[in-house]
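Participant: This is the content of start.txt (compact mmCIF, C-alpha atoms and all ligand atoms):
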```txt
# COMPACT_ATOMS: atom_id res chain seq x y z
CA MET U 297 3.81 62.75 73.12
CA ALA U 298 7.00 63.53 74.95
CA ARG U 299 10.74 63.62 74.65
CA ILE U 300 12.03 61.03 77.14
CA THR U 301 15.32 61.66 78.95
CA LEU U 302 17.01 58.97 81.03
CA ASP U 303 19.84 60.05 83.31
CA LEU U 304 20.19 57.08 85.61
CA ALA U 305 21.54 53.68 86.60
CA HIS U 306 19.83 50.65 88.05
CA ALA U 307 20.95 47.82 90.32
CA TYR U 308 18.44 45.28 91.63
CA LYS U 309 20.73 44.56 94.60
CA PRO U 310 21.49 47.17 97.28
CA ASN U 311 24.95 48.81 97.46
CA PRO U 312 26.29 47.93 94.02
CA GLN U 313 30.10 47.83 94.06
CA GLN U 314 31.18 46.77 90.61
CA ASP U 315 29.88 46.97 87.03
CA SER U 316 28.44 43.47 87.18
CA ASP U 317 26.17 44.51 90.10
CA TYR U 318 24.24 46.83 87.76
CA ALA U 319 21.41 45.79 85.42
CA LEU U 320 21.90 49.24 83.83
CA LEU U 321 25.22 51.09 84.14
CA PRO U 322 25.05 54.90 84.39
CA LEU U 323 23.61 56.26 81.16
CA ASN U 324 22.37 59.52 79.74
CA MET U 325 20.04 59.14 76.80
CA VAL U 326 17.33 61.11 75.02
CA PHE U 327 14.47 59.56 73.02
CA ASP U 328 13.12 62.23 70.67
CA ASP U 329 9.43 62.99 70.44
CA GLY U 330 7.87 60.98 67.60
CA GLY U 331 10.89 58.71 67.04
CA ALA U 332 10.82 54.95 66.36
CA TYR U 333 13.41 53.29 68.58
CA ALA U 334 14.47 49.70 69.19
CA LEU U 335 16.34 48.48 72.26
CA LEU U 336 18.42 45.60 70.91
CA GLY U 337 20.73 43.19 72.68
CA PRO U 338 21.15 39.64 73.93
CA SER U 339 19.21 38.15 76.81
CA GLY U 340 20.04 39.78 80.15
CA CYS U 341 21.60 42.97 78.73
CA GLY U 342 19.06 45.25 80.44
CA LYS U 343 16.44 45.98 77.74
CA THR U 344 13.39 45.14 79.83
CA THR U 345 14.87 46.98 82.82
CA MET U 346 15.22 50.11 80.68
CA LEU U 347 11.69 49.73 79.28
CA ASN U 348 10.17 49.20 82.73
CA ILE U 349 11.95 52.31 84.01
CA MET U 350 10.46 54.30 81.12
CA SER U 351 6.97 52.93 81.70
CA GLY U 352 7.04 53.48 85.47
CA LEU U 353 6.84 49.80 86.45
CA LEU U 354 10.31 50.20 87.99
CA VAL U 355 11.94 53.11 89.85
CA PRO U 356 15.67 53.41 89.01
CA SER U 357 18.00 52.91 91.98
CA GLN U 358 19.75 56.17 91.04
CA GLY U 359 19.05 59.13 88.76
CA ARG U 360 15.86 60.30 87.10
CA VAL U 361 13.47 60.05 84.17
CA LEU U 362 12.11 63.16 82.44
CA PHE U 363 9.14 63.40 80.06
CA ASP U 364 9.90 66.70 78.37
CA GLU U 365 10.90 68.85 81.38
CA ARG U 366 8.71 66.94 83.86
CA ASP U 367 10.40 64.64 86.40
CA VAL U 368 8.36 61.39 86.31
CA THR U 369 10.88 59.13 88.10
CA ARG U 370 8.30 58.06 90.68
CA ALA U 371 5.15 58.47 88.58
CA SER U 372 3.01 55.40 87.80
CA PRO U 373 2.44 54.18 84.20
CA GLN U 374 -1.05 55.80 84.29
CA GLU U 375 0.39 59.13 85.42
CA ARG U 376 2.96 58.95 82.64
CA ASN U 377 0.29 58.28 80.05
CA ILE U 378 2.11 55.36 78.46
CA ALA U 379 0.64 52.57 76.31
CA GLN U 380 2.27 49.15 76.49
CA VAL U 381 2.21 46.01 74.35
CA PHE U 382 3.60 42.83 75.88
CA GLN U 383 4.81 39.49 74.48
CA PHE U 384 1.42 37.86 74.96
CA PRO U 385 -2.02 39.24 74.07
CA VAL U 386 -3.70 41.34 76.75
CA ILE U 387 -7.29 41.59 75.52
CA TYR U 388 -10.85 40.88 76.62
CA ASP U 389 -12.01 37.58 75.12
CA THR U 390 -15.70 38.34 75.64
CA MET U 391 -15.53 41.60 73.69
CA THR U 392 -15.50 42.00 69.92
CA VAL U 393 -12.40 43.21 68.09
CA ALA U 394 -13.95 46.69 67.78
CA GLU U 395 -14.82 46.84 71.50
CA ASN U 396 -11.29 45.78 72.41
CA LEU U 397 -9.79 48.47 70.21
CA ALA U 398 -12.22 51.08 71.53
CA PHE U 399 -11.59 50.23 75.20
CA PRO U 400 -8.58 52.53 75.87
CA LEU U 401 -10.47 55.40 74.19
CA LYS U 402 -13.72 54.78 76.12
CA ASN U 403 -11.69 54.86 79.33
CA ARG U 404 -10.43 58.32 78.38
CA LYS U 405 -13.97 59.47 77.51
CA VAL U 406 -13.14 60.16 73.87
CA PRO U 407 -16.35 61.12 71.95
CA GLU U 408 -18.16 58.18 70.27
CA ALA U 409 -17.75 59.50 66.72
CA ARG U 410 -14.01 59.92 67.18
CA ILE U 411 -13.74 56.42 68.68
CA ARG U 412 -15.48 54.89 65.65
CA GLN U 413 -13.19 56.80 63.31
CA ARG U 414 -9.99 55.87 65.14
CA VAL U 415 -10.94 52.20 65.61
CA GLY U 416 -11.70 52.02 61.88
CA GLN U 417 -8.34 53.58 61.04
CA ILE U 418 -6.32 51.25 63.31
CA ALA U 419 -8.26 48.16 62.13
CA GLU U 420 -7.55 49.10 58.53
CA MET U 421 -3.84 49.57 59.22
CA LEU U 422 -3.68 46.15 60.86
CA GLU U 423 -5.85 44.59 58.15
CA MET U 424 -8.57 43.65 60.64
CA SER U 425 -11.46 45.67 59.19
CA GLY U 426 -13.30 42.48 58.23
CA GLN U 427 -13.11 41.11 61.78
CA LEU U 428 -14.33 44.11 63.77
CA ASP U 429 -17.59 42.46 64.86
CA GLN U 430 -16.07 39.08 65.74
CA ARG U 431 -15.60 38.04 69.33
CA ALA U 432 -11.92 37.93 70.33
CA ALA U 433 -12.39 34.51 71.97
CA GLY U 434 -12.68 32.72 68.64
CA LEU U 435 -9.60 34.30 67.04
CA SER U 436 -6.12 32.83 66.47
CA ALA U 437 -3.16 33.77 68.70
CA ASP U 438 -1.80 35.93 65.86
CA ALA U 439 -5.06 37.87 65.51
CA LYS U 440 -5.28 38.36 69.28
CA GLN U 441 -1.78 39.81 69.35
CA LYS U 442 -2.72 42.11 66.48
CA ILE U 443 -5.57 43.40 68.65
CA SER U 444 -3.02 44.02 71.45
CA LEU U 445 -0.89 46.01 69.00
CA GLY U 446 -3.98 47.95 67.96
CA ARG U 447 -4.90 48.71 71.56
CA GLY U 448 -1.39 50.03 72.10
CA LEU U 449 -1.61 52.29 69.06
CA VAL U 450 -5.21 53.49 69.28
CA ARG U 451 -4.75 56.46 71.62
CA GLU U 452 -3.44 59.66 70.09
CA ASP U 453 -2.59 61.36 73.37
CA VAL U 454 0.01 58.93 74.79
CA ALA U 455 3.53 60.05 75.71
CA ALA U 456 4.90 56.88 74.06
CA VAL U 457 3.98 53.32 73.12
CA LEU U 458 6.32 50.69 74.58
CA PHE U 459 6.57 47.24 73.00
CA ASP U 460 8.26 44.32 74.80
CA GLU U 461 9.08 41.64 72.18
CA PRO U 462 5.53 41.95 70.78
CA LEU U 463 5.97 39.58 67.83
CA THR U 464 7.22 36.56 69.82
CA VAL U 465 3.95 34.61 69.45
CA ILE U 466 3.38 35.61 65.83
CA ASP U 467 3.81 33.14 62.99
CA PRO U 468 7.10 33.84 61.06
CA HIS U 469 5.45 34.93 57.81
CA LEU U 470 3.04 37.32 59.50
CA LYS U 471 5.91 38.54 61.69
CA TRP U 472 7.69 39.74 58.57
CA GLN U 473 4.58 41.60 57.41
CA LEU U 474 3.87 43.14 60.80
CA ARG U 475 7.39 44.50 61.21
CA ARG U 476 6.97 46.46 57.99
CA LYS U 477 3.45 47.39 58.93
CA LEU U 478 4.59 48.86 62.26
CA LYS U 479 7.13 51.00 60.48
CA GLN U 480 4.44 52.28 58.13
CA ILE U 481 2.07 52.87 61.05
CA HIS U 482 4.79 54.88 62.77
CA HIS U 483 5.08 57.14 59.75
CA GLU U 484 1.31 57.60 59.63
CA LEU U 485 0.56 58.05 63.34
CA LYS U 486 3.81 59.80 64.32
CA LEU U 487 3.72 58.32 67.84
CA THR U 488 6.90 57.79 69.88
CA LEU U 489 7.46 54.03 69.68
CA ILE U 490 10.03 52.13 71.73
CA TYR U 491 10.44 48.49 70.86
CA VAL U 492 12.43 45.87 72.79
CA THR U 493 13.83 42.90 70.88
CA HIS U 494 16.82 40.57 70.77
CA ASP U 495 16.26 40.06 67.04
CA GLN U 496 18.40 42.36 64.90
CA VAL U 497 16.22 41.96 61.79
CA GLU U 498 13.21 43.07 63.79
CA ALA U 499 15.10 46.07 65.22
CA LEU U 500 16.67 47.14 61.94
CA THR U 501 13.43 46.88 59.95
CA PHE U 502 11.32 48.73 62.47
CA ALA U 503 13.46 51.44 64.02
CA ASP U 504 14.87 54.74 62.81
CA LYS U 505 17.31 54.57 65.74
CA VAL U 506 18.56 51.40 67.40
CA VAL U 507 20.00 51.36 70.92
CA VAL U 508 22.46 48.43 71.01
CA MET U 509 22.97 47.09 74.51
CA THR U 510 25.34 44.63 76.13
CA ARG U 511 25.84 43.82 79.80
CA GLY U 512 23.92 46.80 81.15
CA ARG U 513 25.52 49.30 78.80
CA ALA U 514 24.06 51.09 75.79
CA VAL U 515 27.12 50.91 73.53
CA GLN U 516 25.72 52.70 70.47
CA VAL U 517 22.58 54.57 69.47
CA GLY U 518 22.37 54.87 65.71
CA ALA U 519 20.49 54.47 62.47
CA PRO U 520 20.69 50.94 61.01
CA ASP U 521 23.23 51.98 58.35
CA GLU U 522 25.49 53.64 60.94
CA LEU U 523 25.52 50.46 63.02
CA PHE U 524 26.48 48.52 59.93
CA GLU U 525 29.05 50.91 58.45
CA ARG U 526 30.71 52.39 61.54
CA PRO U 527 30.10 50.24 64.61
CA ARG U 528 31.39 52.45 67.43
CA HIS U 529 31.96 49.46 69.69
CA ALA U 530 33.31 46.03 68.75
CA PHE U 531 30.19 44.44 70.24
CA VAL U 532 28.03 46.26 67.68
CA GLY U 533 30.26 44.97 64.86
CA HIS U 534 29.93 41.45 66.20
CA PHE U 535 26.19 41.56 67.04
CA ILE U 536 24.88 43.36 63.93
CA GLY U 537 25.25 41.52 60.63
CA SER U 538 24.87 37.93 59.63
CA PRO U 539 27.49 36.82 60.24
CA GLY U 540 28.98 39.72 62.20
CA MET U 541 32.19 41.62 61.58
CA ASN U 542 35.51 39.76 61.22
CA PHE U 543 38.11 40.80 63.78
CA LEU U 544 41.88 40.38 63.62
CA PRO U 545 44.43 41.31 66.30
CA ALA U 546 46.75 44.06 64.98
CA GLN U 547 49.61 46.27 66.14
CA VAL U 548 51.41 49.36 64.90
CA GLN U 549 55.15 48.72 64.67
CA GLU U 550 57.78 50.96 63.05
CA GLY U 551 55.29 52.74 60.82
CA ALA U 552 53.54 49.57 59.64
CA LEU U 553 50.44 47.67 60.69
CA VAL U 554 51.34 44.14 61.75
CA VAL U 555 48.52 41.62 61.32
CA ALA U 556 49.08 37.87 61.74
CA GLY U 557 52.84 38.45 61.61
CA GLN U 558 52.62 40.29 58.26
CA ARG U 559 53.41 43.95 57.67
CA LEU U 560 50.78 46.05 55.94
CA PRO U 561 50.96 49.73 54.97
CA LEU U 562 49.58 51.89 57.77
CA PRO U 563 46.15 52.96 56.42
CA ARG U 564 45.78 55.97 58.73
CA ALA U 565 47.31 57.39 61.89
CA LEU U 566 46.76 54.74 64.56
CA PRO U 567 48.07 54.64 68.16
CA GLY U 568 50.50 52.05 69.48
CA GLY U 569 49.37 49.11 71.63
CA ALA U 570 47.02 46.25 70.95
CA LEU U 571 44.37 47.00 68.32
CA ARG U 572 41.69 45.01 66.57
CA LEU U 573 41.04 45.38 62.88
CA GLY U 574 37.38 44.88 61.95
CA VAL U 575 36.08 44.18 58.46
CA ARG U 576 32.57 43.03 57.57
CA PRO U 577 32.14 39.86 55.44
CA GLU U 578 30.43 42.10 52.83
CA TYR U 579 33.64 44.16 52.45
CA LEU U 580 36.21 41.35 52.65
CA VAL U 581 36.91 40.86 48.95
CA LEU U 582 39.29 38.55 47.10
CA ALA U 583 42.51 40.24 45.99
CA ALA U 584 45.40 39.52 43.65
CA PRO U 585 48.40 37.81 45.32
CA GLY U 586 50.62 40.40 46.99
CA GLN U 587 48.14 43.26 46.61
CA ALA U 588 48.65 46.10 49.11
CA GLY U 589 46.37 45.68 52.14
CA ALA U 590 45.64 42.01 51.38
CA LEU U 591 46.74 38.91 53.30
CA PRO U 592 47.20 35.29 52.19
CA CYS U 593 44.67 32.95 53.82
CA ALA U 594 43.67 29.29 53.46
CA VAL U 595 40.18 28.42 52.22
CA ALA U 596 38.40 26.30 54.85
CA ARG U 597 34.86 26.19 53.45
CA VAL U 598 32.73 27.48 50.59
CA GLN U 599 28.93 27.51 51.02
CA ASP U 600 26.37 28.28 48.37
CA LEU U 601 23.60 30.10 50.22
CA GLY U 602 21.45 30.93 47.21
CA THR U 603 21.54 34.71 47.31
CA HIS U 604 25.32 34.66 47.94
CA GLN U 605 28.28 32.41 48.66
CA MET U 606 30.06 32.38 52.01
CA LEU U 607 33.79 31.76 51.91
CA THR U 608 35.42 30.81 55.20
CA ALA U 609 39.20 31.17 55.37
CA THR U 610 41.82 30.89 58.09
CA LEU U 611 44.72 33.20 58.79
CA GLY U 612 46.99 31.74 61.46
CA GLY U 613 44.50 30.87 64.21
CA GLU U 614 41.91 33.41 63.05
CA VAL U 615 38.79 32.64 61.02
CA LEU U 616 37.52 35.10 58.38
CA LYS U 617 34.24 35.10 56.48
CA ALA U 618 33.79 36.74 53.08
CA ARG U 619 30.38 37.21 51.47
CA CYS U 620 30.78 36.69 47.72
CA ALA U 621 28.44 37.08 44.73
CA PRO U 622 26.50 33.91 43.78
CA GLU U 623 28.13 33.69 40.35
CA GLN U 624 31.71 34.41 41.52
CA VAL U 625 34.21 31.62 40.81
CA LEU U 626 35.81 30.81 44.17
CA PRO U 627 38.93 28.80 45.03
CA ALA U 628 38.53 25.30 46.44
CA VAL U 629 38.92 24.20 50.07
CA GLY U 630 42.63 24.00 50.94
CA ASP U 631 43.65 26.55 48.29
CA SER U 632 45.36 29.78 49.19
CA VAL U 633 43.38 32.98 48.73
CA TRP U 634 44.33 36.64 49.21
CA LEU U 635 41.75 38.66 51.11
CA GLN U 636 41.66 42.47 51.16
CA VAL U 637 41.58 43.30 54.86
CA LEU U 638 42.39 47.02 54.42
CA GLY U 639 39.94 49.28 52.65
CA GLU U 640 37.72 52.29 53.22
CA HIS U 641 35.26 50.20 55.27
CA THR U 642 37.88 48.72 57.61
CA CYS U 643 37.46 49.80 61.24
CA PHE U 644 40.03 49.82 64.07
CA TYR U 645 39.23 49.21 67.71
CA GLN U 646 41.18 49.71 70.91
CA ASN U 647 39.67 48.53 74.19
CA GLU U 648 36.55 47.66 72.18
CA GLU U 649 35.98 51.32 71.19
CA LEU U 650 36.22 52.54 67.57
CA LEU U 651 39.25 54.78 67.02
CA ALA U 652 38.51 58.03 65.20
N1 LIG U 701 13.54 41.51 89.33
C1 LIG U 701 14.85 41.29 89.21
N2 LIG U 701 15.60 41.04 90.32
C2 LIG U 701 16.93 40.82 90.20
N3 LIG U 701 17.61 40.82 89.04
C3 LIG U 701 16.92 41.06 87.91
C4 LIG U 701 15.50 41.29 87.94
N4 LIG U 701 15.09 41.50 86.66
C5 LIG U 701 16.19 41.40 85.88
N5 LIG U 701 17.28 41.12 86.62
C6 LIG U 701 18.66 40.99 86.12
O1 LIG U 701 19.01 42.22 85.49
C7 LIG U 701 19.74 41.97 84.29
C8 LIG U 701 19.03 42.60 83.10
O2 LIG U 701 17.79 41.93 82.91
P1 LIG U 701 16.70 42.38 81.84
O3 LIG U 701 15.49 41.52 82.02
O4 LIG U 701 16.52 43.85 81.90
O5 LIG U 701 17.43 42.00 80.49
P2 LIG U 701 16.83 41.79 79.02
O6 LIG U 701 17.85 42.35 78.11
O7 LIG U 701 15.47 42.35 78.95
O8 LIG U 701 16.80 40.22 78.90
P3 LIG U 701 15.66 39.26 78.29
O9 LIG U 701 15.69 39.50 76.80
O10 LIG U 701 16.13 37.90 78.68
O11 LIG U 701 14.37 39.68 78.94
C9 LIG U 701 19.91 40.47 84.17
O12 LIG U 701 21.15 40.12 84.71
C10 LIG U 701 18.78 39.92 85.03
O13 LIG U 701 19.12 38.67 85.58
```
Since I need it in another form, could you write the structure as structure tokens?
Ligand SMILES: Nc1ncnc2c1ncn2[C@@H]1O[C@H](COP(=O)(O)OP(=O)(O)OP(=O)(O)O)[C@@H](O)[C@H]1O
Facilitator:
Amino acid sequence: MARITLDLAHAYKPNPQQDSDYALLPLNMVFDDGGAYALLGPSGCGKTTMLNIMSGLLVPSQGRVLFDERDVTRASPQERNIAQVFQFPVIYDTMTVAENLAFPLKNRKVPEARIRQRVGQIAEMLEMSGQLDQRAAGLSADAKQKISLGRGLVREDVAAVLFDEPLTVIDPHLKWQLRRKLKQIHHELKLTLIYVTHDQVEALTFADKVVVMTRGRAVQVGAPDELFERPRHAFVGHFIGSPGMNFLPAQVQEGALVVAGQRLPLPRALPGGALRLGVRPEYLVLAAPGQAGALPCAVARVQDLGTHQMLTATLGGEVLKARCAPEQVLPAVGDSVWLQVLGEHTCFYQNEELLA
């Protein structure tokens, strides 16, 4: 295994002039040996570009890639000793499940006894022990993709295992199980795993550290709870969570915080200029009329979502969402409601960046 350092940028077109010419803007990032990482972001943000640069399928247009201290910028995937799992199964239909799992080990001339042991271990982890002697051809798409996962995980000597949206073809119920399974496998095998997805649930369940990306930029690398509690960039607040963070334009004026034309006590030292106040629906609670740090809003919608209720309210032209307990008695549509926008979980952003 290896610690992977990226100090690079990538543009597919020659002579990039502006930020939008880059698939990956200049970045400096370290993936620790043995870590479980997810690269998370919307379509086109640069996840696959970053993964392909790590695997050696793509040479960055500037900068370099290090595996530990070794410069591998121009080394092939084989030279880097990387295992990869793609969206669709890459297996041999004519071989049995066991032969498929053994293949990467046979190629590396691992002794037979060790191969049997390791194939047995991986099959057990993926709950495929009963299918080891079956031919892959007759298996479902889900089972075939499980074999692909197994082939990615079977070698002990790889620098890292890279996954590119590996659960896309998997049935939703099994997907849920496999996400958890992969996390457990990571703890048992202690391999460096890097997992590309645009699905936050997948990223947050699987990874110890999530790299959140938008428009070619890695805007935050953090544990799932850090991304939830202290999004360092407004995009992270918006992208993580369901729904994402509420944002309100705000300004410091004469020692007060002005939000939607109302003056609130300044919660902490904040600079002048345009700010954005961010508060997650989970922390936007109902308050008594006139309570410090609360604002009067109009109830636009109340939804019973089983595990919780979602209250949607408007404040001037802004829309706010509050996640409320299922049994909480909520005001009716059209009523006025006071919502606590200031509290210990409230974040402030300037130019999209979290202020200290
Ligand atoms: N071979 C290529 N040639 C030119 N531009 C490319 C190429 N591959 C990707 N791009 C562009 O680079 C940017 C990043 O693409 P990339 O595939 O890395 O994003 P992604 O986050 O993996 O998206 P998706 O989830 O849709 O695969 C996009 O604007 C894309 O159009």
Participant: Find the residue from U:Ser316, U:Gln374, U:Ser444, U:Gln480 that sits nearest to ligand LIG 701 (chain U); use all atoms listed in the file when measuring.
Facilitator: U:Ser316
Participant: Which residues, written as a list in words, have at least one atom at most 12 Å from Glu648 (chain U), with all atoms listed in the file counted and residues fewer than 3 positions away on the same chain left out?
Facilitator: Val515, Pro527, Arg528, His529, Ala530, Phe531, Val532, Gly533, His534, Phe543, Pro545, Ala570, Leu571, Arg572, Leu573, Gly574, Cys643, Phe644, Tyr645 and Leu651 of chain U
Participant: Which polymer residues have any atom within 12 Å of an atom of Asp631 (chain U), counting all atoms listed in the file, with same-chain residues fewer than 4 positions away left out, as a list in words?
Facilitator: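 Listed by chain and then number, they are Pro592, Cys593, Ala594, Val595, Ala596, Arg597, Val598, Leu607, Thr608, Ala609, Thr610, Leu626 and Pro627 of chain U.
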Participant: Quote the spacing between CA of Arg299 (chain U) and CA of Phe363 (chain U) in Å to one decimal place.
Facilitator: 5.6 Å
Participant: Compile the contact shell of Ile387 (chain U) as number ranges by chain: residues with an atom at most 9 Å away, counting all atoms listed in the file, same-chain residues fewer than 4 positions apart removed.
Facilitator: U: 391, 396, 432, 440-441, 443-444, 447
Participant: Could you report the residues within 6 Å of ligand LIG 701 (chain U), using only C-alpha atoms and all ligand atoms, as a list of chain:residue names?
Facilitator: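 Every residue with an atom at most 6 Å from ligand LIG 701 (chain U) is listed here: U:Tyr308, U:Ala319, U:Pro338, U:Ser339, U:Gly340, U:Cys341, U:Gly342, U:Lys343, U:Thr344, U:Thr345.
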Participant: If you measure from CA of Glu365 (chain U) to CA of Pro462 (chain U), what distance in Å do you get, rounded to one decimal?
Facilitator: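 Atom-to-atom, CA of Glu365 (chain U) to CA of Pro462 (chain U), that is 29.4 Å.
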Participant: Between U:Arg370, U:His494, U:Lys505, U:Arg431, which has the minimum distance to Leu397 (chain U) (counting all atoms listed in the file)?
Facilitator: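 The answer is U:Arg431, which sits nearest to Leu397 (chain U).
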Participant: Report as a ChimeraX atom specification all protein, DNA and RNA residues lying within 10 Å of Ser538 (chain U), evaluated on only C-alpha atoms, omitting residues in the same chain fewer than 2 positions from it.
Facilitator: /U:496-497,534-536,540-541,576-578,619
Participant: Place a sphere of radius 7 Å on (20.6, 48.8, 87.3) in the file coordinates and name every protein, DNA or RNA residue with an atom inside or on its surface, counting all atoms listed in the file; give the answer as a list in words.
Facilitator: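 So the residues meeting the distance criterion are Ala305, His306, Ala307, Tyr308, Tyr318, Ala319, Leu320, Leu321, Pro356 and Ser357 of chain U.
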